[in-house]
>>> print(open('structure-v2.pdb').read())   # PDB, C-alpha atoms
ATOM      1  CA  MET V   1     -13.947 -15.553   9.091  1.00  0.00           C
ATOM      2  CA  VAL V   2     -16.413 -13.064  10.518  1.00  0.00           C
ATOM      3  CA  ILE V   3     -17.367 -12.726  14.202  1.00  0.00           C
ATOM      4  CA  ASP V   4     -21.082 -12.072  14.735  1.00  0.00           C
ATOM      5  CA  GLU V   5     -22.843 -10.456  17.722  1.00  0.00           C
ATOM      6  CA  ASN V   6     -22.743 -13.719  19.712  1.00  0.00           C
ATOM      7  CA  ASN V   7     -18.944 -13.897  19.350  1.00  0.00           C
ATOM      8  CA  GLU V   8     -19.314 -16.877  17.053  1.00  0.00           C
ATOM      9  CA  THR V   9     -17.262 -17.131  13.938  1.00  0.00           C
ATOM     10  CA  LYS V  10     -18.910 -17.809  10.646  1.00  0.00           C
ATOM     11  CA  PRO V  11     -17.417 -17.951   7.154  1.00  0.00           C
ATOM     12  CA  SER V  12     -17.123 -14.716   5.208  1.00  0.00           C
ATOM     13  CA  ASN V  13     -19.508 -14.309   2.313  1.00  0.00           C
ATOM     14  CA  GLY V  14     -16.880 -12.827  -0.028  1.00  0.00           C
ATOM     15  CA  SER V  15     -18.906  -9.693  -0.634  1.00  0.00           C
ATOM     16  CA  SER V  16     -16.729  -7.508   1.630  1.00  0.00           C
ATOM     17  CA  GLY V  17     -13.835  -7.640  -0.834  1.00  0.00           C
ATOM     18  CA  LEU V  18     -16.168  -6.672  -3.649  1.00  0.00           C
ATOM     19  CA  SER V  19     -17.619  -3.901  -1.478  1.00  0.00           C
ATOM     20  CA  ILE V  20     -14.168  -2.483  -0.800  1.00  0.00           C
ATOM     21  CA  ALA V  21     -13.206  -2.710  -4.473  1.00  0.00           C
ATOM     22  CA  GLY V  22     -16.464  -1.051  -5.531  1.00  0.00           C
ATOM     23  CA  LEU V  23     -16.015   1.733  -2.974  1.00  0.00           C
ATOM     24  CA  VAL V  24     -12.392   2.354  -3.970  1.00  0.00           C
ATOM     25  CA  LEU V  25     -13.285   2.464  -7.659  1.00  0.00           C
ATOM     26  CA  GLY V  26     -16.225   4.743  -6.893  1.00  0.00           C
ATOM     27  CA  ILE V  27     -13.984   7.151  -4.984  1.00  0.00           C
ATOM     28  CA  VAL V  28     -11.235   7.050  -7.623  1.00  0.00           C
ATOM     29  CA  SER V  29     -13.706   7.686 -10.421  1.00  0.00           C
ATOM     30  CA  ALA V  30     -15.312  10.518  -8.419  1.00  0.00           C
ATOM     31  CA  VAL V  31     -11.918  12.193  -8.016  1.00  0.00           C
ATOM     32  CA  VAL V  32     -11.052  11.716 -11.697  1.00  0.00           C
ATOM     33  CA  ALA V  33     -14.490  12.990 -12.745  1.00  0.00           C
ATOM     34  CA  PHE V  34     -13.663  16.466 -11.446  1.00  0.00           C
ATOM     35  CA  ILE V  35     -10.531  16.859 -13.596  1.00  0.00           C
ATOM     36  CA  PRO V  36     -11.419  19.171 -16.484  1.00  0.00           C
ATOM     37  CA  CYS V  37     -11.340  17.598 -19.967  1.00  0.00           C
ATOM     38  CA  PHE V  38     -10.114  14.315 -18.482  1.00  0.00           C
ATOM     39  CA  GLY V  39     -13.080  13.628 -16.220  1.00  0.00           C
ATOM     40  CA  MET V  40     -15.082  11.995 -18.970  1.00  0.00           C
ATOM     41  CA  TYR V  41     -12.751   8.996 -18.713  1.00  0.00           C
ATOM     42  CA  ALA V  42     -13.925   8.434 -15.132  1.00  0.00           C
ATOM     43  CA  ILE V  43     -16.837   6.527 -16.583  1.00  0.00           C
ATOM     44  CA  TYR V  44     -14.672   3.418 -17.054  1.00  0.00           C
ATOM     45  CA  PRO V  45     -13.697   2.812 -13.399  1.00  0.00           C
ATOM     46  CA  GLY V  46     -17.166   4.072 -12.459  1.00  0.00           C
ATOM     47  CA  ILE V  47     -18.876   1.345 -14.469  1.00  0.00           C
ATOM     48  CA  VAL V  48     -16.621  -1.302 -12.949  1.00  0.00           C
ATOM     49  CA  GLY V  49     -17.391   0.134  -9.487  1.00  0.00           C
ATOM     50  CA  VAL V  50     -21.140  -0.023 -10.189  1.00  0.00           C
ATOM     51  CA  VAL V  51     -20.867  -3.652 -11.289  1.00  0.00           C
ATOM     52  CA  LEU V  52     -18.740  -4.707  -8.310  1.00  0.00           C
ATOM     53  CA  SER V  53     -20.965  -2.866  -5.837  1.00  0.00           C
ATOM     54  CA  GLY V  54     -24.080  -4.337  -7.423  1.00  0.00           C
ATOM     55  CA  ILE V  55     -22.698  -7.863  -7.158  1.00  0.00           C
ATOM     56  CA  SER V  56     -21.664  -7.173  -3.570  1.00  0.00           C
ATOM     57  CA  ILE V  57     -25.160  -5.942  -2.670  1.00  0.00           C
ATOM     58  CA  TYR V  58     -26.670  -9.027  -4.282  1.00  0.00           C
ATOM     59  CA  LEU V  59     -24.345 -11.340  -2.323  1.00  0.00           C
ATOM     60  CA  ALA V  60     -24.937  -9.393   0.901  1.00  0.00           C
ATOM     61  CA  ASN V  61     -28.715  -9.711   0.482  1.00  0.00           C
ATOM     62  CA  LYS V  62     -28.349 -13.408  -0.206  1.00  0.00           C
ATOM     63  CA  THR V  63     -26.274 -14.041   2.949  1.00  0.00           C
ATOM     64  CA  GLN V  64     -27.825 -11.339   5.167  1.00  0.00           C
ATOM     65  CA  ALA V  65     -24.449  -9.579   5.471  1.00  0.00           C
ATOM     66  CA  ALA V  66     -23.809  -5.869   5.920  1.00  0.00           C
ATOM     67  CA  LYS V  67     -24.121  -3.905   2.731  1.00  0.00           C
ATOM     68  CA  GLY V  68     -23.314  -0.341   3.793  1.00  0.00           C
ATOM     69  CA  MET V  69     -19.944  -0.210   2.085  1.00  0.00           C
ATOM     70  CA  ALA V  70     -21.403  -1.673  -1.096  1.00  0.00           C
ATOM     71  CA  ILE V  71     -24.158   0.952  -1.137  1.00  0.00           C
ATOM     72  CA  ALA V  72     -21.600   3.729  -0.567  1.00  0.00           C
ATOM     73  CA  GLY V  73     -19.489   2.372  -3.441  1.00  0.00           C
ATOM     74  CA  LEU V  74     -22.557   2.174  -5.659  1.00  0.00           C
ATOM     75  CA  VAL V  75     -23.544   5.774  -4.895  1.00  0.00           C
ATOM     76  CA  CYS V  76     -19.998   7.099  -5.463  1.00  0.00           C
ATOM     77  CA  ALA V  77     -19.681   5.178  -8.722  1.00  0.00           C
ATOM     78  CA  LEU V  78     -23.096   6.298  -9.993  1.00  0.00           C
ATOM     79  CA  VAL V  79     -22.433   9.943  -9.150  1.00  0.00           C
ATOM     80  CA  SER V  80     -19.028   9.860 -10.834  1.00  0.00           C
ATOM     81  CA  CYS V  81     -20.467   8.117 -13.902  1.00  0.00           C
ATOM     82  CA  SER V  82     -23.127  10.790 -14.203  1.00  0.00           C
ATOM     83  CA  ILE V  83     -20.527  13.585 -13.888  1.00  0.00           C
ATOM     84  CA  ALA V  84     -18.312  11.857 -16.457  1.00  0.00           C
ATOM     85  CA  GLY V  85     -21.262  11.379 -18.795  1.00  0.00           C
ATOM     86  CA  TYR V  86     -22.172  15.052 -18.462  1.00  0.00           C
ATOM     87  CA  GLN V  87     -18.587  16.084 -19.255  1.00  0.00           C
ATOM     88  CA  TYR V  88     -18.575  13.783 -22.273  1.00  0.00           C
ATOM     89  CA  TYR V  89     -21.848  15.328 -23.482  1.00  0.00           C
ATOM     90  CA  ILE V  90     -20.577  18.896 -23.020  1.00  0.00           C
ATOM     91  CA  ILE V  91     -17.241  18.217 -24.733  1.00  0.00           C
ATOM     92  CA  ASN V  92     -19.014  16.434 -27.589  1.00  0.00           C
ATOM     93  CA  LYS V  93     -21.446  19.340 -28.061  1.00  0.00           C
ATOM     94  CA  GLY V  94     -18.564  21.828 -27.979  1.00  0.00           C
ATOM     95  CA  MET V  95     -16.675  19.877 -30.628  1.00  0.00           C
ATOM     96  CA  GLU V  96     -19.784  19.734 -32.822  1.00  0.00           C
ATOM     97  CA  VAL V  97     -20.278  23.497 -32.543  1.00  0.00           C
ATOM     98  CA  LEU V  98     -16.591  24.131 -33.264  1.00  0.00           C
ATOM     99  CA  ASP V  99     -16.627  21.802 -36.255  1.00  0.00           C
ATOM    100  CA  LYS V 100     -19.796  23.408 -37.608  1.00  0.00           C
ATOM    101  CA  SER V 101     -18.460  26.943 -37.208  1.00  0.00           C
ATOM    102  CA  LEU V 102     -15.154  26.049 -38.857  1.00  0.00           C
ATOM    103  CA  LYS V 103     -16.946  24.474 -41.805  1.00  0.00           C
ATOM    104  CA  GLU V 104     -19.354  27.364 -42.212  1.00  0.00           C
ATOM    105  CA  ASN V 105     -17.121  30.331 -41.558  1.00  0.00           C
ATOM    106  CA  SER V 106     -13.609  29.227 -42.449  1.00  0.00           C
ATOM    107  CA  SER V 107     -12.091  32.174 -40.649  1.00  0.00           C
ATOM    108  CA  LEU V 108      -8.900  32.314 -42.704  1.00  0.00           C
ATOM    109  CA  ASP V 109     -10.736  32.073 -46.012  1.00  0.00           C
ATOM    110  CA  SER V 110     -13.103  34.801 -44.913  1.00  0.00           C
ATOM    111  CA  LEU V 111     -10.182  37.035 -43.892  1.00  0.00           C
ATOM    112  CA  ARG V 112      -8.385  36.374 -47.175  1.00  0.00           C
ATOM    113  CA  LYS V 113     -11.525  37.240 -49.181  1.00  0.00           C
ATOM    114  CA  ASN V 114     -12.005  40.474 -47.226  1.00  0.00           C
ATOM    115  CA  ILE V 115      -8.397  41.514 -47.833  1.00  0.00           C
ATOM    116  CA  GLU V 116      -8.717  40.762 -51.560  1.00  0.00           C
ATOM    117  CA  GLU V 117     -11.909  42.825 -51.755  1.00  0.00           C
ATOM    118  CA  MET V 118     -10.239  45.729 -49.948  1.00  0.00           C
ATOM    119  CA  ASP V 119      -7.302  45.499 -52.355  1.00  0.00           C
ATOM    120  CA  LYS V 120      -9.618  45.579 -55.381  1.00  0.00           C
ATOM    121  CA  ASP V 121     -11.403  48.650 -54.029  1.00  0.00           C
ATOM    122  CA  GLY V 122      -8.105  50.455 -53.436  1.00  0.00           C
ATOM    123  CA  GLU V 123      -8.633  50.615 -49.688  1.00  0.00           C
ATOM    124  CA  LEU V 124      -5.236  49.054 -49.035  1.00  0.00           C
ATOM    125  CA  ASP V 125      -3.268  51.654 -51.050  1.00  0.00           C
ATOM    126  CA  SER V 126      -2.670  53.843 -48.013  1.00  0.00           C
ATOM    127  CA  LEU V 127      -1.553  50.792 -46.040  1.00  0.00           C
ATOM    128  CA  LYS V 128       0.864  49.837 -48.804  1.00  0.00           C
ATOM    129  CA  LYS V 129       2.261  53.408 -48.887  1.00  0.00           C
ATOM    130  CA  GLY V 130       2.694  53.369 -45.118  1.00  0.00           C
ATOM    131  CA  MET V 131       4.512  50.033 -45.283  1.00  0.00           C
ATOM    132  CA  ASP V 132       6.798  51.376 -48.039  1.00  0.00           C
ATOM    133  CA  GLU V 133       7.629  54.449 -45.938  1.00  0.00           C
ATOM    134  CA  LEU V 134       8.403  52.230 -42.926  1.00  0.00           C
ATOM    135  CA  LYS V 135      10.706  50.130 -45.089  1.00  0.00           C
ATOM    136  CA  GLU V 136      12.532  53.289 -46.233  1.00  0.00           C
ATOM    137  CA  VAL V 137      12.926  54.430 -42.628  1.00  0.00           C
ATOM    138  CA  GLN V 138      14.224  51.002 -41.634  1.00  0.00           C
ATOM    139  CA  ASP V 139      16.703  51.027 -44.519  1.00  0.00           C
ATOM    140  CA  SER V 140      17.981  54.484 -43.548  1.00  0.00           C
ATOM    141  CA  ILE V 141      18.381  53.369 -39.924  1.00  0.00           C
ATOM    142  CA  ASN V 142      20.298  50.321 -41.093  1.00  0.00           C
ATOM    143  CA  GLU V 143      22.587  52.539 -43.233  1.00  0.00           C
ATOM    144  CA  LEU V 144      23.273  54.839 -40.273  1.00  0.00           C
ATOM    145  CA  SER V 145      24.030  51.946 -37.956  1.00  0.00           C
ATOM    146  CA  ASP V 146      26.445  50.450 -40.513  1.00  0.00           C
ATOM    147  CA  LYS V 147      28.536  53.686 -40.517  1.00  0.00           C
TER     148      LYS V 147
END
>>> encode(input="structure-v2.pdb", output="structure tokens")
Amino acid sequence: MVIDENNETKPSNGSSGLSIAGLVLGIVSAVVAFIPCFGMYAIYPGIVGVVLSGISIYLANKTQAAKGMAIAGLVCALVSCSIAGYQYYIINKGMEVLDKSLKENSSLDSLRKNIEEMDKDGELDSLKKGMDELKEVQDSINELSDK
């Protein structure tokens, strides 16, 4: 029951429950939308909030009821859906770029090829000698510590 300006009671139109639900879902999805890498999932409660708020606005127009809360829920849900959609787009683009660069460059394969080329050219000989000398020093330290 709703009391109007003449202090008369009239039956509720049922849109206030939908307005509240739409507003709550709009706020929840707006909060979730600002969580990095997880915000793209805010689109799901946002879409439900848009639908509930839209139905509530339709019912409020039909019965000449207040629709402020429904409009607020619609705005919150639309803003959060747009933020979530933007995050989804950015993450998708980043994954495409990463996938493309991994396929083209294959960092480990490239490193392995460079090392093999340096080994063929004899550029790694000094590194190998240095590693052998370090191993000898380590062995002598181990012998001294065993005594």
>>> resolve_selection(input="structure-v2.pdb", expression="the PyMOL selection byres ((chain V and resi 28-30) around 10)", output="ChimeraX atom specification")
/V:22-27,31-35,39-49,76-84
>>> write_last_selection(input="structure-v2.pdb", atoms="C-alpha atoms", output="PDB file, in the coordinates of the input")
ATOM      1  CA  GLY V  22     -16.464  -1.051  -5.531  1.00  0.00           C
ATOM      2  CA  LEU V  23     -16.015   1.733  -2.974  1.00  0.00           C
ATOM      3  CA  VAL V  24     -12.392   2.354  -3.970  1.00  0.00           C
ATOM      4  CA  LEU V  25     -13.285   2.464  -7.659  1.00  0.00           C
ATOM      5  CA  GLY V  26     -16.225   4.743  -6.893  1.00  0.00           C
ATOM      6  CA  ILE V  27     -13.984   7.151  -4.984  1.00  0.00           C
ATOM      7  CA  VAL V  31     -11.918  12.193  -8.016  1.00  0.00           C
ATOM      8  CA  VAL V  32     -11.052  11.716 -11.697  1.00  0.00           C
ATOM      9  CA  ALA V  33     -14.490  12.990 -12.745  1.00  0.00           C
ATOM     10  CA  PHE V  34     -13.663  16.466 -11.446  1.00  0.00           C
ATOM     11  CA  ILE V  35     -10.531  16.859 -13.596  1.00  0.00           C
ATOM     12  CA  GLY V  39     -13.080  13.628 -16.220  1.00  0.00           C
ATOM     13  CA  MET V  40     -15.082  11.995 -18.970  1.00  0.00           C
ATOM     14  CA  TYR V  41     -12.751   8.996 -18.713  1.00  0.00           C
ATOM     15  CA  ALA V  42     -13.925   8.434 -15.132  1.00  0.00           C
ATOM     16  CA  ILE V  43     -16.837   6.527 -16.583  1.00  0.00           C
ATOM     17  CA  TYR V  44     -14.672   3.418 -17.054  1.00  0.00           C
ATOM     18  CA  PRO V  45     -13.697   2.812 -13.399  1.00  0.00           C
ATOM     19  CA  GLY V  46     -17.166   4.072 -12.459  1.00  0.00           C
ATOM     20  CA  ILE V  47     -18.876   1.345 -14.469  1.00  0.00           C
ATOM     21  CA  VAL V  48     -16.621  -1.302 -12.949  1.00  0.00           C
ATOM     22  CA  GLY V  49     -17.391   0.134  -9.487  1.00  0.00           C
ATOM     23  CA  CYS V  76     -19.998   7.099  -5.463  1.00  0.00           C
ATOM     24  CA  ALA V  77     -19.681   5.178  -8.722  1.00  0.00           C
ATOM     25  CA  LEU V  78     -23.096   6.298  -9.993  1.00  0.00           C
ATOM     26  CA  VAL V  79     -22.433   9.943  -9.150  1.00  0.00           C
ATOM     27  CA  SER V  80     -19.028   9.860 -10.834  1.00  0.00           C
ATOM     28  CA  CYS V  81     -20.467   8.117 -13.902  1.00  0.00           C
ATOM     29  CA  SER V  82     -23.127  10.790 -14.203  1.00  0.00           C
ATOM     30  CA  ILE V  83     -20.527  13.585 -13.888  1.00  0.00           C
ATOM     31  CA  ALA V  84     -18.312  11.857 -16.457  1.00  0.00           C
TER      32      ALA V  84
END
>>> atom_distance(input="structure-v2.pdb", atom1="atom CA of V:Lys129", atom2="atom CA of V:Asp146")
25.8 Å
>>> atom_distance(input="structure-v2.pdb", atom1="atom CA of V:Ile55", atom2="atom CA of V:Ile20")
11.9 Å
>>> residues_around(input="structure-v2.pdb", residues="V:Asn92", least_positions_apart="6", cutoff="12 Å", atoms="all atoms listed in the file", output="list in words")
Cys37, Met40, Gly85, Tyr86, Leu98 and Asp99 of chain V
>>> residues_near_point(input="structure-v2.pdb", point="(-19.5, -6.9, 5.0)", cutoff="7 Å", atoms="only C-alpha atoms", output="PyMOL selection string")
chain V and resi 15-16+65-67
>>> write_last_selection(input="structure-v2.pdb", atoms="C-alpha atoms", output="mmCIF file, keeping the file's coordinate frame")
data_model
loop_
_atom_site.group_PDB
_atom_site.id
_atom_site.type_symbol
_atom_site.label_atom_id
_atom_site.label_comp_id
_atom_site.auth_asym_id
_atom_site.auth_seq_id
_atom_site.Cartn_x
_atom_site.Cartn_y
_atom_site.Cartn_z
ATOM 1 C CA SER V 15 -18.906 -9.693 -0.634
ATOM 2 C CA SER V 16 -16.729 -7.508 1.630
ATOM 3 C CA ALA V 65 -24.449 -9.579 5.471
ATOM 4 C CA ALA V 66 -23.809 -5.869 5.920
ATOM 5 C CA LYS V 67 -24.121 -3.905 2.731
#
>>> closest_residue(input="structure-v2.pdb", among="V:Ala70, V:Met95, V:Val51, V:Ala60", to="V:Ser19", atoms="all atoms listed in the file")
V:Ala70
>>> closest_residue(input="structure-v2.pdb", among="V:Gly17, V:Pro36, V:Gly122, V:Gly94", to="V:Met69", atoms="all atoms listed in the file")
V:Gly17
>>> atom_distance(input="structure-v2.pdb", atom1="atom CA of V:Ser53", atom2="atom CA of V:Leu18")
6.5 Å
